[in-house]
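query-v1.csv (CSV, C-alpha atoms) appears below.
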```
chain,number,residue,atom,x,y,z
U,651,MET,CA,168.6,44.2,15.4
U,652,LYS,CA,170.8,47.3,15.3
U,653,ILE,CA,173.1,45.6,12.7
U,654,LYS,CA,170.1,44.7,10.6
U,655,LYS,CA,168.9,48.3,10.8
U,656,LEU,CA,172.3,49.7,9.7
U,657,PHE,CA,172.6,47.2,6.9
U,658,ALA,CA,169.1,48.1,5.7
U,659,LEU,CA,170.0,51.9,5.8
U,660,SER,CA,173.2,51.3,3.9
U,661,PHE,CA,171.4,49.3,1.3
U,662,VAL,CA,168.8,52.0,0.9
U,663,ALA,CA,171.6,54.6,0.7
U,664,VAL,CA,173.5,52.7,-2.0
U,665,GLY,CA,170.2,52.1,-3.9
U,666,ILE,CA,169.3,55.7,-3.8
U,667,THR,CA,172.7,56.8,-4.9
U,668,ALA,CA,172.5,54.5,-7.8
U,669,LEU,CA,169.0,55.7,-8.5
U,670,ALA,CA,170.1,59.3,-8.5
U,671,SER,CA,172.6,58.7,-11.3
U,672,CYS,CA,170.5,56.1,-13.2
U,673,GLY,CA,168.9,57.0,-16.4
U,674,ASP,CA,168.2,60.4,-17.8
U,675,LYS,CA,166.1,61.6,-14.8
U,676,GLN,CA,168.0,63.5,-12.1
U,677,PHE,CA,167.0,63.4,-8.4
U,678,THR,CA,167.6,66.2,-6.0
U,679,GLU,CA,169.1,65.8,-2.6
U,680,GLU,CA,165.7,66.4,-1.0
U,681,ASP,CA,164.3,63.5,-3.0
U,682,VAL,CA,167.1,61.3,-1.9
U,683,ASN,CA,166.6,62.3,1.8
U,684,ASN,CA,162.8,61.6,1.6
U,685,LYS,CA,163.4,58.2,0.2
U,686,VAL,CA,165.9,57.5,2.9
U,687,ASN,CA,163.5,58.6,5.6
U,688,GLU,CA,160.7,56.4,4.2
U,689,ALA,CA,163.0,53.4,4.2
U,690,VAL,CA,164.1,54.1,7.8
U,691,ASP,CA,160.5,54.4,9.0
U,692,LYS,CA,159.5,51.2,7.3
U,693,ALA,CA,162.4,49.4,8.9
U,694,ASN,CA,161.5,50.8,12.3
U,695,GLN,CA,157.9,49.7,11.9
U,696,GLU,CA,158.9,46.2,11.0
U,697,ALA,CA,161.3,46.0,13.9
U,698,GLU,CA,158.6,47.3,16.3
U,699,ALA,CA,156.1,44.7,15.0
U,700,GLN,CA,158.6,41.9,15.5
U,701,LYS,CA,159.2,43.2,19.0
U,702,ASN,CA,155.5,43.4,19.9
U,703,ALA,CA,154.9,39.9,18.5
U,704,ALA,CA,157.7,38.5,20.6
U,705,LEU,CA,156.4,40.2,23.7
U,706,ALA,CA,152.8,39.0,23.1
U,707,GLU,CA,154.1,35.4,22.6
U,708,LYS,CA,156.1,35.6,25.9
U,709,GLU,CA,153.1,37.1,27.8
U,710,ALA,CA,150.8,34.3,26.5
U,711,ALA,CA,153.3,31.7,27.6
U,712,LEU,CA,153.5,33.2,31.1
U,713,LYS,CA,149.7,33.4,31.4
U,714,LYS,CA,149.3,29.8,30.4
U,715,ALA,CA,151.9,28.7,32.9
U,716,ALA,CA,150.2,30.7,35.6
U,717,LEU,CA,146.8,29.2,34.6
U,718,ASP,CA,148.2,25.7,34.7
U,719,GLU,CA,149.7,26.3,38.1
U,720,LEU,CA,146.4,27.7,39.4
U,721,LYS,CA,144.6,24.6,38.0
U,722,THR,CA,147.1,22.3,39.8
U,723,THR,CA,146.7,24.2,43.0
U,724,ALA,CA,142.9,24.1,42.7
U,725,LYS,CA,142.8,20.3,42.2
U,726,THR,CA,145.3,19.8,45.0
U,727,ASN,CA,143.1,21.9,47.3
U,728,VAL,CA,140.0,19.9,46.3
U,729,ASP,CA,141.8,16.7,47.3
U,730,SER,CA,142.9,18.2,50.6
U,731,TYR,CA,139.4,19.5,51.3
U,732,LYS,CA,137.9,16.0,50.6
U,733,VAL,CA,140.4,14.3,52.9
U,734,ASN,CA,139.8,16.8,55.7
U,735,VAL,CA,136.0,16.6,55.6
U,736,LEU,CA,136.1,12.8,55.4
U,737,ALA,CA,138.3,12.7,58.4
U,738,VAL,CA,136.0,15.0,60.4
U,739,ALA,CA,132.9,13.1,59.3
U,740,GLY,CA,134.6,9.8,60.2
U,741,ILE,CA,133.9,8.1,56.9
U,742,THR,CA,136.0,6.9,53.9
U,743,GLU,CA,135.6,7.7,50.3
U,744,GLU,CA,135.0,4.0,49.6
U,745,GLU,CA,131.8,4.1,51.7
U,746,ASN,CA,130.1,6.4,49.2
U,747,GLU,CA,130.6,6.5,45.4
U,748,ASP,CA,129.1,10.0,45.2
U,749,ILE,CA,132.2,11.5,46.9
U,750,ALA,CA,134.5,10.1,44.2
U,751,ALA,CA,132.1,11.2,41.5
U,752,ALA,CA,131.9,14.8,42.9
U,753,VAL,CA,135.7,15.1,43.0
U,754,SER,CA,136.2,13.7,39.5
U,755,THR,CA,133.6,16.1,38.1
U,756,ALA,CA,135.2,19.0,39.9
U,757,LYS,CA,138.7,18.2,38.5
U,758,THR,CA,137.3,17.9,35.0
U,759,ALA,CA,135.7,21.3,35.3
U,760,ILE,CA,138.9,22.9,36.7
U,761,GLU,CA,141.0,21.4,33.9
U,762,ALA,CA,138.6,22.7,31.2
U,763,ALA,CA,138.7,26.3,32.6
U,764,THR,CA,140.4,28.9,30.3
U,765,THR,CA,140.7,31.8,32.7
U,766,ASN,CA,141.5,32.3,36.4
U,767,GLU,CA,137.9,33.3,37.0
U,768,GLU,CA,136.7,30.0,35.5
U,769,VAL,CA,139.2,28.1,37.7
U,770,ALA,CA,137.9,29.9,40.8
U,771,THR,CA,134.3,29.2,39.9
U,772,ALA,CA,135.0,25.5,39.2
U,773,TYR,CA,136.9,25.2,42.5
U,774,LYS,CA,134.0,26.8,44.4
U,775,ASN,CA,131.5,24.5,42.7
U,776,ALA,CA,133.7,21.6,43.6
U,777,ILE,CA,133.8,22.5,47.3
U,778,ASP,CA,130.0,23.1,47.4
U,779,SER,CA,129.5,19.7,45.7
U,780,ILE,CA,131.7,17.8,48.1
U,781,LYS,CA,130.1,19.6,51.0
U,782,ALA,CA,126.6,18.7,49.8
U,783,VAL,CA,127.6,15.0,49.4
U,784,ILE,CA,129.1,14.9,52.9
U,785,THR,CA,126.1,16.7,54.4
U,786,GLU,CA,123.8,14.1,52.8
U,787,ILE,CA,125.9,11.2,54.2
U,788,LEU,CA,126.0,12.8,57.6
U,789,GLU,CA,122.3,13.3,57.6
U,790,GLY,CA,121.8,9.7,56.8
U,791,ILE,CA,124.2,8.6,59.5
U,792,GLN,CA,122.5,10.9,62.0
U,793,ALA,CA,119.1,9.4,61.0
U,794,ASP,CA,120.5,5.9,61.7
U,795,LEU,CA,122.0,7.1,64.9
U,796,ASP,CA,118.7,8.7,66.0
U,797,GLU,CA,116.9,5.4,65.2
U,798,GLU,CA,119.5,3.4,67.1
U,799,ALA,CA,119.2,5.9,70.0
U,800,LYS,CA,115.5,5.4,70.1
U,801,ILE,CA,115.8,1.6,70.1
U,802,LEU,CA,118.5,1.8,72.8
U,803,ALA,CA,116.4,4.2,74.9
U,804,ALA,CA,113.4,1.8,74.7
U,805,GLN,CA,115.7,-1.1,75.6
U,806,LEU,CA,117.2,0.8,78.5
U,807,SER,CA,113.7,1.9,79.7
U,808,ASN,CA,112.4,-1.6,79.7
U,809,ALA,CA,115.6,-3.0,81.3
U,810,LYS,CA,115.3,-0.4,84.1
U,811,LEU,CA,111.7,-1.2,84.8
U,812,THR,CA,112.4,-4.9,84.7
U,813,ALA,CA,115.4,-4.6,87.0
U,814,ILE,CA,113.5,-2.5,89.5
U,815,SER,CA,110.6,-4.9,89.4
U,816,ASP,CA,112.9,-7.9,89.9
U,817,ILE,CA,114.4,-6.2,92.9
U,818,SER,CA,110.9,-5.5,94.3
U,819,LYS,CA,109.8,-9.1,93.7
U,820,PHE,CA,113.0,-10.4,95.3
U,821,ASN,CA,112.3,-8.2,98.3
U,822,SER,CA,108.8,-9.4,98.6
U,823,ALA,CA,109.7,-13.1,98.2
U,824,GLU,CA,112.6,-13.0,100.7
U,825,ASN,CA,110.5,-11.1,103.2
U,826,TYR,CA,108.3,-14.1,103.7
U,827,TYR,CA,111.2,-15.6,105.6
U,828,VAL,CA,111.8,-12.6,107.8
U,829,ASN,CA,109.8,-11.7,110.9
U,830,THR,CA,112.1,-8.9,112.0
U,831,LYS,CA,111.4,-5.5,110.8
U,832,ASP,CA,114.0,-4.1,108.5
U,833,ASP,CA,116.1,-1.5,110.2
U,834,GLY,CA,116.2,0.5,107.0
U,835,THR,CA,119.1,-1.3,105.4
U,836,VAL,CA,117.1,-3.1,102.7
U,837,ALA,CA,114.9,-0.1,102.0
U,838,ASN,CA,118.1,2.0,101.6
U,839,LEU,CA,119.6,-0.6,99.3
U,840,ILE,CA,116.5,-0.5,97.1
U,841,SER,CA,116.3,3.3,97.1
U,842,VAL,CA,120.0,3.6,96.1
U,843,ALA,CA,119.7,0.9,93.5
U,844,THR,CA,116.6,2.5,92.0
U,845,THR,CA,118.3,5.9,91.6
U,846,ALA,CA,121.4,4.3,90.1
U,847,ILE,CA,119.5,2.1,87.7
U,848,ASN,CA,117.4,5.0,86.5
U,849,ALA,CA,120.6,6.9,85.8
U,850,ALA,CA,122.4,4.0,84.1
U,851,GLY,CA,123.4,4.4,80.5
U,852,SER,CA,123.9,0.8,79.4
U,853,LEU,CA,122.2,-2.6,79.6
U,854,GLU,CA,125.3,-4.0,81.2
U,855,SER,CA,125.4,-1.5,84.0
U,856,ILE,CA,121.7,-2.0,84.7
U,857,GLU,CA,122.2,-5.8,85.0
U,858,ALA,CA,125.3,-5.3,87.2
U,859,LEU,CA,123.4,-3.0,89.5
U,860,LYS,CA,120.5,-5.4,89.8
U,861,THR,CA,122.8,-8.3,90.6
U,862,GLN,CA,124.9,-6.3,93.0
U,863,THR,CA,121.7,-5.1,94.8
U,864,LYS,CA,120.1,-8.5,95.0
U,865,ASN,CA,123.4,-9.9,96.4
U,866,ALA,CA,123.5,-7.2,99.1
U,867,MET,CA,119.8,-7.7,99.9
U,868,ALA,CA,120.4,-11.5,100.2
U,869,GLU,CA,123.2,-10.9,102.7
U,870,THR,CA,120.9,-8.6,104.7
U,871,PHE,CA,118.0,-11.0,104.5
U,872,LEU,CA,120.2,-13.8,105.7
U,873,ALA,CA,121.2,-11.8,108.8
U,874,LEU,CA,117.6,-10.8,109.3
U,875,PHE,CA,116.5,-14.4,108.8
U,876,GLU,CA,118.8,-15.6,111.5
U,877,ALA,CA,117.6,-12.9,113.8
U,878,SER,CA,113.9,-13.5,112.9
U,879,PHE,CA,113.4,-16.9,114.6
U,880,VAL,CA,111.0,-17.1,117.4
U,881,GLU,CA,112.3,-19.4,120.0
U,882,ILE,CA,109.9,-22.0,121.4
U,883,SER,CA,110.5,-24.0,124.6
U,884,THR,CA,107.0,-24.7,126.0
U,885,ALA,CA,103.7,-26.2,124.8
U,886,GLU,CA,102.0,-22.9,125.4
U,887,GLU,CA,104.5,-21.1,123.1
U,888,LEU,CA,104.3,-23.8,120.5
U,889,PHE,CA,100.5,-23.6,120.1
U,890,ALA,CA,100.1,-19.9,120.8
U,891,ILE,CA,100.7,-19.2,117.1
U,892,ARG,CA,97.6,-21.1,116.1
U,893,ASN,CA,94.9,-18.4,116.6
U,894,GLN,CA,96.7,-15.1,116.7
U,895,TYR,CA,96.0,-14.2,113.1
U,896,ASN,CA,92.8,-13.1,111.2
U,897,ASP,CA,91.1,-15.4,108.7
U,898,ASN,CA,93.2,-16.4,105.7
U,899,SER,CA,96.2,-14.5,107.1
U,900,VAL,CA,99.7,-15.9,106.7
U,901,ILE,CA,101.8,-16.9,109.7
U,902,ALA,CA,105.1,-15.5,108.4
U,903,HIS,CA,107.2,-16.2,111.4
U,904,ASN,CA,110.2,-18.5,111.6
U,905,TYR,CA,110.2,-20.9,114.6
U,906,ARG,CA,113.0,-22.7,116.4
U,907,LEU,CA,112.6,-25.3,119.2
U,908,THR,CA,115.1,-24.8,121.9
U,909,LYS,CA,114.2,-27.9,123.9
U,910,ASP,CA,112.0,-31.0,123.9
U,911,ILE,CA,108.3,-30.4,124.5
U,912,ASP,CA,106.2,-32.9,126.4
U,913,LEU,CA,102.5,-32.5,125.7
U,914,SER,CA,101.3,-34.9,128.4
U,915,GLY,CA,98.2,-33.4,130.0
U,916,PHE,CA,98.2,-30.4,127.6
U,917,GLU,CA,95.0,-29.8,125.6
U,918,ILE,CA,96.0,-28.7,122.1
U,919,PRO,CA,93.6,-25.9,121.1
U,920,THR,CA,91.7,-26.2,117.8
U,921,TYR,CA,92.0,-23.5,115.1
U,922,GLU,CA,89.6,-20.7,115.5
U,923,VAL,CA,90.4,-19.2,112.2
U,924,ALA,CA,91.7,-20.4,108.8
U,925,SER,CA,95.4,-19.8,109.3
U,926,PHE,CA,98.3,-20.5,107.0
U,927,PHE,CA,101.9,-21.1,107.9
U,928,LYS,CA,104.7,-19.7,105.7
U,929,GLY,CA,108.3,-19.8,106.8
U,930,VAL,CA,110.7,-22.1,108.5
U,931,PHE,CA,110.0,-24.4,111.4
U,932,ASP,CA,113.3,-25.8,112.7
U,933,GLY,CA,113.0,-28.4,115.5
U,934,GLN,CA,116.8,-28.5,115.9
U,935,GLY,CA,116.5,-32.2,116.6
U,936,HIS,CA,114.2,-31.8,119.5
U,937,VAL,CA,111.2,-34.0,120.3
U,938,ILE,CA,107.5,-33.2,120.5
U,939,SER,CA,105.9,-36.0,122.5
U,940,ASN,CA,102.7,-37.3,123.9
U,941,GLY,CA,100.4,-35.0,121.8
U,942,SER,CA,96.8,-35.9,121.3
U,943,TYR,CA,94.8,-33.7,118.9
U,944,THR,CA,91.2,-33.9,117.8
U,945,ALA,CA,90.4,-31.6,114.8
U,946,GLY,CA,87.6,-29.2,115.1
U,947,ASP,CA,87.4,-28.6,111.4
U,948,SER,CA,88.2,-30.2,108.1
U,949,LYS,CA,91.6,-29.8,106.5
U,950,ASP,CA,93.5,-29.8,109.8
U,951,GLY,CA,96.7,-30.9,111.4
U,952,MET,CA,98.1,-31.2,114.9
U,953,LEU,CA,101.0,-28.7,114.3
U,954,PHE,CA,99.7,-26.5,111.4
U,955,LYS,CA,96.4,-26.2,109.6
U,956,THR,CA,97.8,-25.3,106.1
U,957,VAL,CA,101.5,-24.9,105.0
U,958,LEU,CA,102.0,-22.7,102.0
U,959,GLY,CA,104.8,-22.8,99.4
U,960,GLU,CA,108.3,-21.5,100.1
U,961,SER,CA,108.1,-23.2,103.5
U,962,THR,CA,110.4,-25.7,105.3
U,963,ILE,CA,109.6,-28.0,108.2
U,964,LYS,CA,112.8,-29.7,109.4
U,965,ASN,CA,114.8,-31.4,112.1
U,966,VAL,CA,111.9,-32.3,114.4
U,967,LYS,CA,110.8,-35.6,116.0
U,968,PHE,CA,107.3,-36.7,117.0
U,969,LEU,CA,106.9,-39.3,119.7
U,970,ASN,CA,103.5,-40.9,120.8
U,971,CYS,CA,101.5,-38.3,119.0
U,972,VAL,CA,98.0,-38.9,117.6
U,973,ALA,CA,95.8,-36.7,115.4
U,974,THR,CA,92.2,-37.6,114.7
U,975,SER,CA,89.3,-36.1,112.8
U,976,THR,CA,85.7,-37.0,111.9
U,977,ASN,CA,86.0,-34.8,108.8
U,978,GLU,CA,88.3,-34.8,105.8
U,979,THR,CA,92.0,-34.2,105.9
U,980,ILE,CA,94.1,-34.8,109.0
U,981,ALA,CA,97.9,-35.2,109.7
U,982,ILE,CA,100.4,-34.8,112.5
U,983,ILE,CA,102.2,-31.8,110.8
U,984,ALA,CA,99.7,-30.2,108.4
U,985,GLY,CA,96.3,-30.8,107.1
U,986,GLU,CA,97.2,-29.3,103.6
U,987,CYS,CA,100.1,-28.0,101.6
U,988,ASN,CA,99.3,-25.4,99.0
U,989,ASP,CA,100.9,-23.3,96.3
U,990,GLY,CA,104.6,-23.6,95.7
U,991,GLU,CA,107.7,-25.3,97.1
U,992,VAL,CA,107.3,-27.1,100.4
U,993,THR,CA,110.2,-29.0,102.0
U,994,PHE,CA,109.9,-31.6,104.8
U,995,ASP,CA,113.4,-32.7,105.8
U,996,GLY,CA,114.9,-34.7,108.7
U,997,ILE,CA,111.6,-35.6,110.4
U,998,GLU,CA,111.0,-38.7,112.6
U,999,PHE,CA,107.7,-40.3,113.6
U,1000,ASN,CA,107.9,-42.8,116.4
U,1001,SER,CA,104.7,-44.5,117.7
U,1002,CYS,CA,102.5,-41.9,116.0
U,1003,ALA,CA,99.1,-42.2,114.2
U,1004,ALA,CA,96.8,-40.1,112.1
U,1005,VAL,CA,93.1,-41.3,112.0
U,1006,THR,CA,90.1,-40.0,110.1
U,1007,SER,CA,86.6,-41.3,109.3
U,1008,GLY,CA,86.8,-39.3,106.0
U,1009,ASN,CA,89.5,-38.9,103.3
U,1010,TYR,CA,93.0,-37.6,103.1
U,1011,VAL,CA,95.1,-38.8,106.0
U,1012,GLY,CA,98.9,-39.1,106.5
U,1013,LEU,CA,101.6,-38.4,109.0
U,1014,ILE,CA,103.2,-35.4,107.2
U,1015,PHE,CA,100.2,-33.9,105.5
U,1016,GLY,CA,96.7,-35.1,104.5
U,1017,ARG,CA,96.5,-33.4,101.1
U,1018,ASN,CA,98.3,-31.0,98.8
U,1019,GLU,CA,96.5,-28.8,96.3
U,1020,GLY,CA,97.7,-25.8,94.3
U,1021,ALA,CA,95.2,-23.1,93.9
U,1022,ASP,CA,97.3,-21.0,91.5
U,1023,LYS,CA,100.4,-23.2,90.7
U,1024,GLU,CA,101.8,-26.6,91.2
U,1025,VAL,CA,102.9,-27.8,94.7
U,1026,HIS,CA,106.5,-29.0,94.7
U,1027,ALA,CA,106.8,-31.1,97.8
U,1028,THR,CA,110.3,-32.2,98.7
U,1029,ILE,CA,110.2,-35.0,101.3
U,1030,LYS,CA,113.5,-36.4,102.4
U,1031,ASN,CA,115.3,-38.0,105.4
U,1032,ILE,CA,112.0,-39.2,106.9
U,1033,THR,CA,112.1,-41.9,109.6
U,1034,VAL,CA,109.0,-43.8,110.6
U,1035,LYS,CA,108.9,-46.2,113.5
U,1036,ASN,CA,105.8,-48.1,114.9
U,1037,SER,CA,103.5,-45.5,113.3
U,1038,SER,CA,100.3,-45.8,111.3
U,1039,TYR,CA,97.4,-44.1,109.6
U,1040,SER,CA,93.7,-45.0,109.3
U,1041,SER,CA,91.0,-43.8,106.9
U,1042,CYS,CA,87.5,-45.0,106.4
U,1043,ALA,CA,87.6,-43.7,102.8
U,1044,GLN,CA,89.9,-44.3,99.8
U,1045,TYR,CA,92.5,-41.5,100.2
U,1046,GLY,CA,95.2,-42.1,102.8
U,1047,GLY,CA,98.9,-42.9,103.2
U,1048,LEU,CA,101.5,-43.4,105.9
U,1049,LEU,CA,103.3,-40.1,104.9
U,1050,VAL,CA,100.8,-38.2,102.8
U,1051,GLY,CA,97.1,-38.8,102.1
U,1052,ASP,CA,96.6,-37.5,98.6
U,1053,ILE,CA,98.9,-35.8,96.1
U,1054,ILE,CA,97.5,-33.4,93.5
U,1055,LYS,CA,99.5,-31.2,91.2
U,1056,ILE,CA,102.8,-32.4,92.6
U,1057,ALA,CA,106.0,-32.0,90.7
U,1058,SER,CA,108.6,-34.0,92.8
U,1059,VAL,CA,108.8,-36.0,96.0
```

Output the file's structure as structure tokens, nothing else.
Amino acid sequence: MKIKKLFALSFVAVGITALASCGDKQFTEEDVNNKVNEAVDKANQEAEAQKNAALAEKEAALKKAALDELKTTAKTNVDSYKVNVLAVAGITEEENEDIAAAVSTAKTAIEAATTNEEVATAYKNAIDSIKAVITEILEGIQADLDEEAKILAAQLSNAKLTAISDISKFNSAENYYVNTKDDGTVANLISVATTAINAAGSLESIEALKTQTKNAMAETFLALFEASFVEISTAEELFAIRNQYNDNSVIAHNYRLTKDIDLSGFEIPTYEVASFFKGVFDGQGHVISNGSYTAGDSKDGMLFKTVLGESTIKNVKFLNCVATSTNETIAIIAGECNDGEVTFDGIEFNSCAAVTSGNYVGLIFGRNEGADKEVHATIKNITVKNSSYSSCAQYGGLLVGDIIKIASV
């Protein structure tokens, strides 16, 4: 620049010198100096203008580079924000097209920005847009979770009520076999199970608690069952059970013969009330012999009047026993079997007879009839020797007189 300036000044000086001596007109030294100064000023102005133009061009290039770098940083930050919020929300970009659209729109706006302020605004709008999409997704997910939670809560509530009810029913059913008062073990099992079931948080844990409790109750009931048997060794003890309950009450004891019982000379009492037997009568192979019974009422038996479901009569022998009635329904063991599963197993009749002038006569029972449900009579391992039945009407049989609503024999 300095060389150009000196060259310009030299050129001006030469030109002025030539001008001073050119033609007829004469220039003074002052004129020459003025011309030189004018030339110098003009050269300086041109040089300054070139300098400013170069600086402006450089400044513009720097600003553009800074703006491009800011845009790149802004778009990178948008991607990072998207990744982070997706990770926190636990979803992927593929699960919602709105996320990809929001990011794409944000990057386009950032790229179109011409100032730092516009980039900052576009970046803020991008963050707000992504946040809005994520919020909408999370609200939808929460709504689904709330609905699932309601369904699960209803399922858990129903399962808890059902489990507690099942345990209660199991307790009631098993208690029919037990004549020994619970020492508190079963009640405690039920109490603990009820608390645990109500606090359970899954269907699996409820089912496991129910199963665990019922198994523990079954073990307890088995022990109580074994301890519940009333031991019978005399005729008085055998028939004392006949009239110790109110009308329509259930004889819920379990009985076990401990020796043979000879009824010779013993007057078997008639039933004074309508009693039912429910439980287990285990003869343990012993013999009841020489019994003679005349029914005082219809639907009667020498041993029991009526045997209800969930009962078992087993391992007992009858020798020289006769049961007679002038009314309907008579048998050696029971007049009737009602409502549910009744089992007769390992029973022997030797020289026995059941006789009626009416209907429904047999050695085991005269009749079975289910008031509320079918009677499932299981009869097995029965031995009959020199025994008979007699009926003046049409319903009678050696083992059973009449079968109504029976499922299996």

Surrounding residues of Gly1008 of chain U excluding itself and chain neighbours under 2 positions, 8 Å, all atoms listed in the file, as a short mmCIF file (atom, residue, chain, number, x, y, z; two decimals) with C-alpha atoms, in the coordinates of the input:
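File part-v6.cif, as written:
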```cif
data_model
loop_
_atom_site.label_atom_id
_atom_site.label_comp_id
_atom_site.auth_asym_id
_atom_site.auth_seq_id
_atom_site.Cartn_x
_atom_site.Cartn_y
_atom_site.Cartn_z
CA SER U 975 89.30 -36.10 112.80
CA THR U 976 85.70 -37.00 111.90
CA ASN U 977 86.00 -34.80 108.80
CA GLU U 978 88.30 -34.80 105.80
CA THR U 979 92.00 -34.20 105.90
CA THR U 1006 90.10 -40.00 110.10
CA TYR U 1010 93.00 -37.60 103.10
CA SER U 1041 91.00 -43.80 106.90
CA CYS U 1042 87.50 -45.00 106.40
CA ALA U 1043 87.60 -43.70 102.80
#
```

Surrounding residues of Gln805 of chain U excluding itself and chain neighbours under 3 positions, 12 Å, all atoms listed in the file, as a list in words =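 Final neighbour list, sorted by chain and number: Glu798, Ala799, Lys800, Ile801, Leu802, Asn808, Ala809, Lys810, Leu811, Thr812, Ala813, Ala850, Gly851, Ser852, Leu853, Glu854 and Ile856 of chain U.
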
request  = One decimal, Å: what's the distance from atom CA of Ala710 of chain U over to atom CA of Lys725 of chain U, could you say?
outcome  = 22.5 Å

message = So that I can see what lies close to segment 929-943 of chain U, please list as a ChimeraX atom specification the residues with an atom at most 6 Å from it, counting all atoms listed in the file and leaving out residues fewer than 6 positions away in the same chain.
response = /U:827,902-907,909-914,952,961-973

request  = Would you mind reading off the distance between atom CA of Val880 of chain U and atom CA of Lys928 of chain U, one decimal, in Å?
outcome  = 13.5 Å

query = Which residue out of U:Ile817, U:Ala868, U:Val753, U:Ala793 has the minimum interatomic distance to Ala843 of chain U when all atoms listed in the file are used?
reply = U:Ile817

task = Would you mind reading off the distance between atom CA of Ile1014 of chain U and atom CA of Cys1002 of chain U, one decimal, in Å?
result = 11.0 Å

Leaving out Glu761 of chain U and any residue of its chain fewer than 3 positions from it, which residues lie within 7 Å of it when counting all atoms listed in the file, given as a PDB file with C-alpha atoms, in the coordinates of the input?
```pdb
ATOM      1  CA  LYS U 721     144.600  24.600  38.000  1.00  0.00           C
ATOM      2  CA  LYS U 757     138.700  18.200  38.500  1.00  0.00           C
ATOM      3  CA  THR U 758     137.300  17.900  35.000  1.00  0.00           C
TER       4      THR U 758
END
```

request  = For Ser730 of chain U, please output as an MDAnalysis selection string all residues within 12 Å (counting all atoms listed in the file; exclusion window: fewer than 5 positions along the same chain).
outcome  = chainID U and resid 723:725 735:737 753 777 780

query = For Val728 of chain U, which of U:Asn694, U:Tyr773, U:Asn1018, U:Ala699 is the closest residue, counting all atoms listed in the file?
reply =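 Under the stated criterion, the closest residue is U:Tyr773.
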